[in-house]
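Asker: See coords24.cif below, with mmCIF, C-alpha atoms.
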```
data_upload
loop_
_atom_site.label_atom_id
_atom_site.label_comp_id
_atom_site.auth_asym_id
_atom_site.auth_seq_id
_atom_site.Cartn_x
_atom_site.Cartn_y
_atom_site.Cartn_z
CA MET A 1 152.71 113.24 80.29
CA THR A 2 151.99 113.09 84.00
CA THR A 3 149.93 110.31 85.52
CA THR A 4 147.06 112.71 86.16
CA ALA A 5 147.03 113.77 82.54
CA ILE A 6 146.86 110.14 81.45
CA ASP A 7 144.03 109.49 83.93
CA ALA A 8 142.14 112.51 82.67
CA ARG A 9 142.61 111.39 79.11
CA SER A 10 141.51 107.80 79.72
CA ARG A 11 138.53 109.21 81.61
CA GLU A 12 137.65 111.28 78.54
CA ASP A 13 138.00 108.27 76.24
CA HIS A 14 135.86 106.26 78.62
CA ASP A 15 133.16 108.97 78.63
CA ALA A 16 133.24 109.33 74.85
CA ALA A 17 132.89 105.57 74.37
CA GLY A 18 130.17 105.47 77.01
CA LYS A 19 128.23 108.27 75.39
CA ARG A 20 128.48 106.59 72.00
CA GLN A 21 127.08 103.39 73.42
CA PHE A 22 124.35 105.25 75.33
CA ASP A 23 123.25 107.14 72.21
CA GLU A 24 123.22 103.91 70.21
CA LEU A 25 121.10 102.10 72.80
CA ILE A 26 118.61 104.97 72.91
CA ALA A 27 118.47 105.12 69.10
CA GLN A 28 117.74 101.37 68.99
CA ASP A 29 115.02 101.89 71.63
CA SER A 30 116.93 99.45 73.83
CA ARG A 31 117.32 99.70 77.61
CA ILE A 32 119.93 101.35 79.82
CA GLU A 33 120.98 99.27 82.85
CA PRO A 34 122.48 100.50 86.14
CA ARG A 35 126.13 99.78 85.32
CA ASP A 36 126.00 101.43 81.89
CA TRP A 37 127.51 104.81 81.28
CA MET A 38 124.82 107.48 81.23
CA PRO A 39 124.82 111.28 80.96
CA ALA A 40 124.80 113.01 84.36
CA ASP A 41 121.54 114.76 83.44
CA TYR A 42 119.87 111.47 82.54
CA ARG A 43 120.82 110.08 85.97
CA LYS A 44 119.69 113.24 87.74
CA SER A 45 116.43 113.55 85.87
CA LEU A 46 115.54 109.88 86.45
CA THR A 47 116.48 110.01 90.12
CA ARG A 48 114.15 112.98 90.52
CA GLN A 49 111.31 111.39 88.59
CA ILE A 50 111.51 107.93 90.17
CA SER A 51 111.95 109.22 93.73
CA GLN A 52 109.04 111.66 93.32
CA HIS A 53 107.01 108.77 92.03
CA ALA A 54 108.01 106.68 95.07
CA HIS A 55 107.15 109.52 97.46
CA SER A 56 103.74 109.84 95.80
CA GLU A 57 102.98 106.20 96.48
CA ILE A 58 104.02 106.56 100.12
CA ILE A 59 102.12 109.81 100.74
CA GLY A 60 99.22 108.34 98.74
CA MET A 61 98.68 105.78 101.50
CA GLN A 62 97.44 108.51 103.85
CA PRO A 63 94.20 109.76 102.29
CA GLU A 64 92.98 106.19 101.87
CA ALA A 65 94.28 104.77 105.14
CA ASN A 66 92.18 107.42 106.89
CA TRP A 67 89.09 105.64 105.59
CA ILE A 68 89.92 102.05 106.58
CA THR A 69 88.11 102.28 109.92
CA ARG A 70 85.12 103.99 108.28
CA ALA A 71 84.77 101.71 105.26
CA PRO A 72 81.14 100.51 105.24
CA SER A 73 81.75 96.76 105.61
CA LEU A 74 84.36 94.26 106.69
CA LYS A 75 84.92 93.33 103.06
CA ARG A 76 85.43 96.97 102.09
CA LYS A 77 87.93 97.37 104.94
CA ALA A 78 89.89 94.32 103.77
CA VAL A 79 89.91 95.60 100.18
CA LEU A 80 91.05 99.06 101.23
CA MET A 81 93.78 97.61 103.42
CA ALA A 82 95.04 95.54 100.48
CA LYS A 83 95.09 98.66 98.35
CA VAL A 84 97.00 100.72 100.92
CA GLN A 85 99.45 97.84 101.32
CA ASP A 86 99.94 97.85 97.54
CA GLU A 87 100.78 101.56 97.63
CA ALA A 88 103.49 100.85 100.21
CA GLY A 89 104.80 98.08 97.97
CA HIS A 90 104.81 100.34 94.93
CA GLY A 91 106.76 102.94 96.88
CA LEU A 92 109.35 100.32 97.80
CA TYR A 93 109.71 98.98 94.22
CA LEU A 94 110.30 102.54 93.06
CA TYR A 95 112.78 103.42 95.80
CA SER A 96 114.71 100.28 94.77
CA ALA A 97 114.73 101.39 91.15
CA ALA A 98 115.86 104.90 92.12
CA GLU A 99 118.62 103.48 94.32
CA THR A 100 120.26 101.80 91.33
CA LEU A 101 121.08 105.34 90.16
CA GLY A 102 123.26 105.88 93.21
CA THR A 103 121.13 107.73 95.78
CA PRO A 104 120.50 105.68 98.95
CA ARG A 105 116.89 105.20 100.01
CA ASP A 106 117.48 106.79 103.39
CA ARG A 107 118.56 110.01 101.74
CA MET A 108 115.41 110.07 99.60
CA THR A 109 113.30 109.55 102.74
CA GLU A 110 115.17 112.37 104.47
CA ASP A 111 114.58 114.68 101.51
CA LEU A 112 110.86 113.94 101.61
CA ILE A 113 110.64 114.53 105.36
CA ALA A 114 112.68 117.72 105.13
CA GLY A 115 110.22 119.00 102.52
CA LYS A 116 112.95 119.09 99.84
CA ALA A 117 111.28 116.52 97.57
CA ARG A 118 108.00 116.69 95.73
CA TYR A 119 105.19 114.21 95.37
CA SER A 120 102.06 114.19 93.23
CA SER A 121 99.82 117.21 93.84
CA ILE A 122 96.75 114.98 93.89
CA PHE A 123 97.37 113.69 97.41
CA ASN A 124 97.02 117.17 98.87
CA TYR A 125 93.26 117.20 98.35
CA PRO A 126 90.94 116.14 101.18
CA VAL A 127 89.00 112.86 101.08
CA LEU A 128 85.64 113.97 102.42
CA THR A 129 83.25 111.04 101.95
CA TRP A 130 83.25 107.31 101.24
CA ALA A 131 82.40 108.16 97.62
CA ASP A 132 85.76 109.93 97.41
CA ILE A 133 87.45 106.56 97.89
CA GLY A 134 85.54 105.40 94.80
CA ALA A 135 86.46 108.53 92.84
CA ILE A 136 90.11 108.18 93.82
CA GLY A 137 90.21 104.59 92.57
CA TRP A 138 88.38 105.38 89.37
CA LEU A 139 89.81 108.80 88.43
CA VAL A 140 93.11 109.12 90.29
CA ASP A 141 94.28 105.54 89.81
CA GLY A 142 92.84 105.64 86.30
CA ALA A 143 94.96 108.68 85.47
CA ALA A 144 97.97 107.06 87.12
CA ILE A 145 97.55 103.91 85.00
CA CYS A 146 97.22 106.00 81.84
CA ASN A 147 100.48 107.71 82.74
CA GLN A 148 102.25 104.57 83.88
CA VAL A 149 101.51 102.07 81.15
CA PRO A 150 103.85 103.84 78.68
CA LEU A 151 106.47 104.07 81.45
CA CYS A 152 106.73 100.26 81.37
CA ARG A 153 108.78 100.91 78.22
CA ALA A 154 110.94 103.64 79.79
CA SER A 155 114.53 103.41 78.60
CA TYR A 156 115.86 102.85 82.12
CA GLY A 157 115.53 99.11 82.79
CA PRO A 158 114.87 99.12 86.56
CA TYR A 159 112.19 101.82 86.21
CA GLY A 160 110.41 99.94 83.42
CA ARG A 161 110.49 96.69 85.39
CA ALA A 162 109.07 98.38 88.50
CA MET A 163 106.31 99.92 86.38
CA VAL A 164 105.32 96.55 84.88
CA ARG A 165 104.75 95.16 88.35
CA ILE A 166 102.93 98.29 89.51
CA CYS A 167 100.61 98.47 86.49
CA LYS A 168 99.52 94.87 87.00
CA GLU A 169 98.49 95.69 90.54
CA GLU A 170 96.94 99.09 89.79
CA SER A 171 94.17 97.69 87.64
CA PHE A 172 92.57 96.18 90.74
CA HIS A 173 92.65 99.65 92.31
CA GLN A 174 90.77 101.27 89.48
CA ARG A 175 88.16 98.55 89.26
CA GLN A 176 87.45 98.61 92.99
CA GLY A 177 86.96 102.40 92.79
CA PHE A 178 84.62 102.00 89.85
CA GLU A 179 82.57 99.44 91.77
CA ILE A 180 82.22 101.70 94.80
CA LEU A 181 80.88 104.51 92.57
CA LEU A 182 78.62 102.16 90.62
CA GLU A 183 77.05 100.87 93.79
CA LEU A 184 76.49 104.39 95.14
CA ALA A 185 75.17 105.60 91.79
CA ASN A 186 72.55 102.84 91.92
CA GLY A 187 71.74 103.44 95.57
CA THR A 188 69.52 105.99 97.32
CA PRO A 189 69.22 109.54 95.90
CA GLU A 190 71.59 110.70 98.68
CA GLN A 191 74.19 108.06 97.77
CA ARG A 192 73.90 108.96 94.13
CA ALA A 193 74.41 112.65 94.93
CA MET A 194 77.40 111.76 97.06
CA ALA A 195 78.95 109.83 94.14
CA GLN A 196 78.36 112.72 91.73
CA ASP A 197 79.80 115.21 94.22
CA ALA A 198 82.97 113.12 94.58
CA VAL A 199 83.38 112.90 90.79
CA ASN A 200 82.85 116.67 90.55
CA ARG A 201 85.63 117.36 93.04
CA TRP A 202 88.19 114.80 91.76
CA TYR A 203 87.76 115.32 88.02
CA ALA A 204 89.91 118.44 87.50
CA PRO A 205 92.67 117.49 89.96
CA SER A 206 92.98 114.09 88.25
CA LEU A 207 93.32 115.74 84.82
CA MET A 208 96.07 117.92 86.26
CA MET A 209 97.98 114.79 87.35
CA PHE A 210 99.32 114.56 83.78
CA GLY A 211 101.31 117.73 84.41
CA PRO A 212 101.24 121.18 82.84
CA PRO A 213 100.19 121.74 79.20
CA ASP A 214 102.88 120.77 76.68
CA GLU A 215 103.92 124.38 76.04
CA ASP A 216 104.67 124.83 79.78
CA SER A 217 106.46 121.55 80.28
CA PRO A 218 110.12 122.20 79.41
CA ASN A 219 111.47 118.90 80.80
CA SER A 220 109.11 116.78 78.75
CA GLN A 221 110.97 117.17 75.50
CA GLN A 222 114.31 115.97 76.84
CA SER A 223 112.55 113.15 78.64
CA MET A 224 110.97 112.06 75.35
CA LEU A 225 114.33 112.22 73.54
CA TRP A 226 115.69 109.87 76.20
CA ASN A 227 112.74 107.48 75.71
CA ILE A 228 111.69 107.88 79.32
CA LYS A 229 108.44 109.60 78.45
CA ARG A 230 106.66 108.22 75.39
CA PHE A 231 103.71 110.59 75.04
CA SER A 232 103.25 114.26 75.92
CA ASN A 233 101.21 115.42 78.91
CA ASP A 234 98.39 116.73 76.73
CA GLU A 235 98.32 113.60 74.62
CA LEU A 236 97.90 111.36 77.68
CA ARG A 237 95.37 113.72 79.25
CA SER A 238 93.27 113.69 76.10
CA ARG A 239 93.41 109.89 75.95
CA PHE A 240 92.29 109.73 79.58
CA VAL A 241 89.35 112.08 79.01
CA GLY A 242 88.17 109.83 76.17
CA MET A 243 88.18 106.78 78.43
CA MET A 244 86.34 108.60 81.21
CA VAL A 245 83.63 109.80 78.81
CA GLU A 246 82.83 106.16 78.03
CA GLN A 247 83.07 104.91 81.58
CA VAL A 248 81.02 107.66 83.22
CA ARG A 249 78.07 106.56 81.09
CA VAL A 250 78.21 103.10 82.60
CA LEU A 251 78.19 104.71 86.04
CA GLY A 252 75.17 106.81 85.05
CA LEU A 253 76.96 109.91 86.37
CA GLU A 254 78.29 113.01 84.62
CA LEU A 255 81.70 114.56 84.14
CA PRO A 256 81.65 118.12 85.54
CA ASP A 257 82.87 119.53 82.23
CA LYS A 258 80.57 120.97 79.60
CA ASP A 259 83.42 121.45 77.15
CA VAL A 260 84.36 117.80 76.70
CA ARG A 261 84.26 116.91 73.02
CA PHE A 262 86.04 114.80 70.45
CA ASN A 263 87.89 116.92 67.93
CA GLU A 264 87.53 115.12 64.59
CA GLU A 265 90.35 117.17 63.04
CA THR A 266 93.02 116.44 65.61
CA GLY A 267 91.60 113.06 66.58
CA ARG A 268 91.86 114.12 70.20
CA TRP A 269 89.52 114.53 73.12
CA GLU A 270 89.28 118.07 74.44
CA HIS A 271 88.30 119.28 77.89
CA GLY A 272 87.41 122.58 79.54
CA PRO A 273 90.01 124.94 81.04
CA LEU A 274 91.93 123.77 84.11
CA ASP A 275 93.08 126.01 86.94
CA TRP A 276 96.85 125.82 86.54
CA ASN A 277 97.36 128.43 89.24
CA GLU A 278 95.78 126.05 91.68
CA PHE A 279 98.10 123.30 90.42
CA LYS A 280 101.16 125.51 91.01
CA GLU A 281 99.94 126.52 94.46
CA VAL A 282 99.41 122.90 95.50
CA LEU A 283 102.81 121.90 94.12
CA ALA A 284 104.41 124.78 95.99
CA GLY A 285 103.03 123.34 99.23
CA ARG A 286 99.96 125.52 99.59
CA GLY A 287 97.26 122.97 98.81
CA PRO A 288 94.47 122.07 101.23
CA CYS A 289 96.31 119.12 102.85
CA ASN A 290 100.05 119.59 102.19
CA ALA A 291 100.94 120.48 105.78
CA GLN A 292 98.85 117.65 107.19
CA ARG A 293 100.37 115.03 104.86
CA MET A 294 103.93 116.12 105.60
CA GLU A 295 103.32 116.23 109.33
CA ARG A 296 101.81 112.75 109.31
CA ARG A 297 104.73 111.39 107.28
CA ARG A 298 107.23 112.94 109.70
CA GLU A 299 105.37 111.55 112.70
CA ALA A 300 105.23 108.09 111.19
CA HIS A 301 108.97 108.19 110.52
CA GLU A 302 109.78 109.37 114.05
CA ASP A 303 107.30 106.99 115.72
CA GLY A 304 108.84 104.11 113.79
CA ALA A 305 112.41 104.94 114.82
CA TRP A 306 112.38 102.57 117.79
CA VAL A 307 111.25 99.68 115.56
CA ARG A 308 114.10 100.29 113.12
CA GLU A 309 116.57 100.59 115.98
CA ALA A 310 115.29 97.46 117.73
CA ALA A 311 115.47 95.44 114.50
CA ALA A 312 119.03 96.61 113.88
CA ALA A 313 120.06 95.84 117.48
CA TYR A 314 118.51 92.37 117.25
CA ALA A 315 120.27 91.66 113.97
CA GLU A 316 123.58 92.75 115.49
CA LYS A 317 123.07 90.57 118.56
CA GLN A 318 122.14 87.53 116.46
CA ALA A 319 125.19 88.04 114.24
CA LEU A 320 127.42 88.20 117.32
CA LYS A 321 125.86 85.02 118.73
CA HIS A 322 126.47 83.20 115.44
CA ALA A 323 130.05 84.43 115.34
CA GLN A 324 130.68 83.18 118.90
CA ALA A 325 129.09 79.81 118.25
CA ALA A 326 131.21 79.27 115.15
CA MET B 1 133.62 92.26 90.52
CA THR B 2 131.19 92.71 93.34
CA GLY B 3 128.61 95.33 94.00
CA GLY B 4 125.37 95.93 95.90
CA SER B 5 122.54 96.40 93.47
CA THR B 6 118.85 96.35 93.29
CA THR B 7 116.26 95.90 90.64
CA GLY B 8 119.04 96.16 88.09
CA ASP B 9 119.53 92.42 87.88
CA ASP B 10 123.18 92.73 87.06
CA GLY B 11 123.97 93.17 90.74
CA ALA B 12 125.69 96.50 90.54
CA THR B 13 126.05 99.77 92.37
CA ALA B 14 125.99 102.93 90.39
CA PRO B 15 128.59 105.42 91.57
CA SER B 16 127.38 107.42 94.54
CA SER B 17 126.38 110.89 93.53
CA GLY B 18 126.79 112.66 96.84
CA PRO B 19 128.32 112.59 100.31
CA GLN B 20 128.39 109.28 102.19
CA GLU B 21 125.61 108.44 104.62
CA PRO B 22 126.51 109.21 108.21
CA ARG B 23 124.82 106.13 109.70
CA ALA B 24 124.83 102.64 108.26
CA ALA B 25 121.65 101.84 106.38
CA TRP B 26 120.08 98.39 106.50
CA PRO B 27 121.83 96.19 103.94
CA LEU B 28 120.32 95.54 100.54
CA TRP B 29 119.03 92.06 99.62
CA GLU B 30 118.16 90.71 96.21
CA VAL B 31 114.95 88.68 96.12
CA PHE B 32 114.31 85.60 93.97
CA VAL B 33 110.87 84.01 93.72
CA ARG B 34 109.93 80.49 92.60
CA SER B 35 106.45 80.97 91.18
CA SER B 36 105.53 77.29 91.24
CA ARG B 37 107.07 73.87 91.66
CA GLY B 38 109.19 72.83 88.71
CA LEU B 39 110.33 76.37 87.89
CA SER B 40 113.51 78.21 88.82
CA HIS B 41 113.73 81.05 91.28
CA VAL B 42 113.64 84.27 89.27
CA HIS B 43 114.89 87.68 90.33
CA ALA B 44 111.93 89.79 91.47
CA GLY B 45 113.58 92.87 92.95
CA SER B 46 115.35 94.01 96.06
CA LEU B 47 114.71 95.34 99.53
CA HIS B 48 116.42 96.57 102.68
CA ALA B 49 116.34 94.52 105.88
CA PRO B 50 118.47 94.33 109.02
CA ASP B 51 119.08 90.59 108.75
CA ALA B 52 118.35 87.52 106.65
CA GLU B 53 115.26 86.48 108.59
CA MET B 54 113.65 89.89 108.27
CA ALA B 55 114.67 89.99 104.62
CA VAL B 56 112.72 86.76 103.96
CA ARG B 57 109.67 88.07 105.81
CA ASN B 58 109.80 91.43 104.05
CA ALA B 59 110.25 89.67 100.72
CA ARG B 60 107.08 87.69 101.38
CA ASP B 61 105.12 90.88 102.13
CA LEU B 62 106.61 92.83 99.26
CA TYR B 63 106.84 90.31 96.42
CA THR B 64 104.21 87.63 97.10
CA ARG B 65 101.06 89.55 98.03
CA ARG B 66 99.11 87.74 95.30
CA ASN B 67 100.35 84.15 95.54
CA GLU B 68 103.27 84.88 93.23
CA GLY B 69 105.51 82.38 94.92
CA VAL B 70 105.95 79.04 96.66
CA SER B 71 109.55 79.65 97.66
CA LEU B 72 111.85 82.64 98.20
CA TRP B 73 115.60 83.26 98.15
CA VAL B 74 117.17 86.39 99.55
CA VAL B 75 120.82 87.10 98.81
CA PRO B 76 122.93 89.95 100.21
CA ALA B 77 123.40 92.26 97.23
CA THR B 78 127.11 92.56 98.07
CA ALA B 79 127.51 88.78 97.59
CA ILE B 80 126.62 88.94 93.90
CA ILE B 81 129.53 88.74 91.50
CA THR B 82 128.92 90.28 88.10
CA SER B 83 130.71 90.27 84.79
CA ASP B 84 132.30 93.55 83.81
CA PRO B 85 129.78 95.61 81.80
CA TYR B 86 132.60 97.51 80.10
CA ALA B 87 134.20 94.30 78.84
CA LYS B 88 130.98 92.69 77.65
CA ASP B 89 131.88 92.77 73.96
CA GLN B 90 135.06 90.72 74.44
CA PHE B 91 133.55 88.67 77.23
CA PHE B 92 130.57 87.50 75.18
CA GLU B 93 132.46 87.34 71.92
CA SER B 94 132.82 83.59 71.61
CA PRO B 95 129.34 82.68 70.25
CA GLN B 96 129.43 85.50 67.67
CA GLY B 97 129.32 84.13 64.14
CA LYS B 98 128.73 80.60 65.35
CA ASP B 99 125.24 80.18 63.97
CA TYR B 100 125.95 76.49 63.50
CA ARG B 101 125.27 76.09 67.21
CA HIS B 102 121.58 76.61 66.46
CA ALA B 103 119.24 74.05 64.87
CA THR B 104 117.96 76.76 62.51
CA TYR B 105 121.38 76.79 60.78
CA TYR B 106 120.66 73.39 59.21
CA THR B 107 118.09 73.92 56.46
CA LYS B 108 118.58 70.92 54.18
CA SER B 109 116.48 68.73 56.42
CA GLU B 110 113.42 70.97 56.04
CA GLY B 111 110.30 68.93 55.35
CA VAL B 112 111.81 65.75 56.76
CA LYS B 113 109.57 64.49 59.52
CA HIS B 114 110.61 64.20 63.17
CA LEU B 115 113.92 65.98 62.54
#
```
Turn this file's structure into structure tokens for me.

Answerer:
Amino acid sequence: MTTTAIDARSREDHDAAGKRQFDELIAQDSRIEPRDWMPADYRKSLTRQISQHAHSEIIGMQPEANWITRAPSLKRKAVLMAKVQDEAGHGLYLYSAAETLGTPRDRMTEDLIAGKARYSSIFNYPVLTWADIGAIGWLVDGAAICNQVPLCRASYGPYGRAMVRICKEESFHQRQGFEILLELANGTPEQRAMAQDAVNRWYAPSLMMFGPPDEDSPNSQQSMLWNIKRFSNDELRSRFVGMMVEQVRVLGLELPDKDVRFNEETGRWEHGPLDWNEFKEVLAGRGPCNAQRMERRREAHEDGAWVREAAAAYAEKQALKHAQAA
Amino acid sequence: MTGGSTTGDDGATAPSSGPQEPRAAWPLWEVFVRSSRGLSHVHAGSLHAPDAEMAVRNARDLYTRRNEGVSLWVVPATAIITSDPYAKDQFFESPQGKDYRHATYYTKSEGVKHL
């Protein structure tokens, strides 16, 4: 046997042993860690999911950051700034988790800027009034939490750990949104109308955040077999609708959906039809704010280039100084 | 074995899946947070920074936004030495079957006070 043949064979043995161990860990509902053998598709699928998730957090800073200067009080500005800062942090936790799979963060950033990577469709909708900030916290962050809590148990260790940290911080986001809406709902008739209008506009897009219906979601099944996803899109969406039905009563507002009902037979909450064509259009880059979000992200990256370069130059100079002094 | 890692707290790099980066990225640092006096520093995650000083500052902004810490360590990810994940069965073999190293192995003293 030639050396190459031996190498190829030991590589095969290594892969077979790795796959056995991977399958066992998944069957035991244990966790996969960065150095473990994993199927190429598992790595690819997770890299895509985690980096898209990271991009969503980073792009998600924009619609809210636009409102910091217009937030109605100093306290509201401080709260909104803390929230936007959290989104940046969440993006960074997730980029770190994705990096453990082998793709450098800079490449993920480049993919986003080049328009090659996706992010959540929800951030391509305009934020028209202050009440929208409330609706985003309540509905959008609420949907995100519903999606993310089961991800804390995702089979990939670094992803699960990032999600634990993120979920802890997200609950503040949802509560602050709820409070904004509650205050408006109990305010003047105009404020109340503004709150209802925001809920009307954000309701359907937030339900679509859970992804296409189960029958149109081909990746979901594999993801569930790998213990990344724990519940189907429709299952999570139904759970979310149930929570919103309760909470909207406390707000004294209404969900813009006459078809919401609890199905005793299936034990699930049902909602009216959603416009999946709109969802596909927005995902394909043709939503109301896609171009604006991408342009702003590109600008921010380019405008920040001198800071990154200066920091690198300073670090180099300091290292040289230390080396000379030693 | 060495390797730059991140939130995977075994300090490891997964094999690169594509072409190498043309320009050097900021190095990766692992972040450890002491949540209060009397406790150890615990791995919190990782970040990129051009140098140690910036790494500490970034770590403060990224991992202690809610008073999570009273002290921080940052360590270049490349400086972490890990055990070999592929040899872990042999490497951690010694304690296997040695239940007598645990107090729970000794059952005859059950019911005896202060023991």

Asker: Compile the residues of chain A that lie within 8 Å of chain B, evaluated using only C-alpha atoms, and express the compilation as a list in words.

Answerer: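 Taken together, these residues fit the definition: Glu33, Pro34, Arg35, Asp36, Gly89, Leu92, Tyr93, Ser96, Ala97, Glu99, Thr100, Leu101, Gly102, Thr103, Asp106, Arg107, Gly157, Pro158, Arg161, Ala162, Ala311, Ala312 and Ala315 of chain A.
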
Asker: Can you tell me how far CA of Gly177 (chain A) sits from CA of Asp214 (chain A), in Å to one decimal?

Answerer: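 So the two atoms, CA of Gly177 (chain A) and CA of Asp214 (chain A), lie 29.2 Å apart.
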
Asker: What gap, in Å, lies between CA of Leu255 (chain A) and CA of Gln196 (chain A)?

Answerer: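 These two atoms are separated by 8.5 Å.
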
Asker: Might you pull out every residue within 9 Å of Val56 (chain B), with all atoms listed in the file counted and same-chain residues fewer than 6 positions away left off, and present them as an MDAnalysis selection string?

Answerer: chainID B and resid 31 49 72:74

Asker: CA of Pro273 (chain A) and CA of Glu57 (chain A) are how many Å apart?

Answerer: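 Separating CA of Pro273 (chain A) from CA of Glu57 (chain A) is a distance of 27.5 Å.
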
Asker: Could you tell me which residues the PyMOL selection byres ((chain B and resi 36) around 12) returns for this structure, as a ChimeraX atom specification?

Answerer: /B:33-35,37-42,64,67-72

Asker: Name the residues, using the chain letters and numbers of the file, that sit within 9 Å of (95.1, 116.8, 80.3) when counting all atoms listed in the file, and give them as a PyMOL selection string.

Answerer: chain A and resi 206-213+233-241+270-271+274

Asker: Near region 76-84 of chain A, within 8 Å and counting all atoms listed in the file, which residues show up once chain neighbours fewer than 3 positions away are dropped, as a ChimeraX atom specification?

Answerer: /A:61,64-65,68-73,87-88,173

Asker: Skip Arg153 (chain A) itself and residues of its chain fewer than 6 positions away, then list as a PyMOL selection string all residues within 10 Å of it, counting all atoms listed in the file.

Answerer: chain A and resi 29-31+159-161+163-164+227-230

Asker: Quick one: apply the PyMOL selection byres ((chain A and resi 122-137) around 6) to the file and drop the selected residues here as number ranges by chain.

Answerer: A: 60, 120-121, 138-141, 173-174, 177, 180-181, 195, 198-199, 287-290
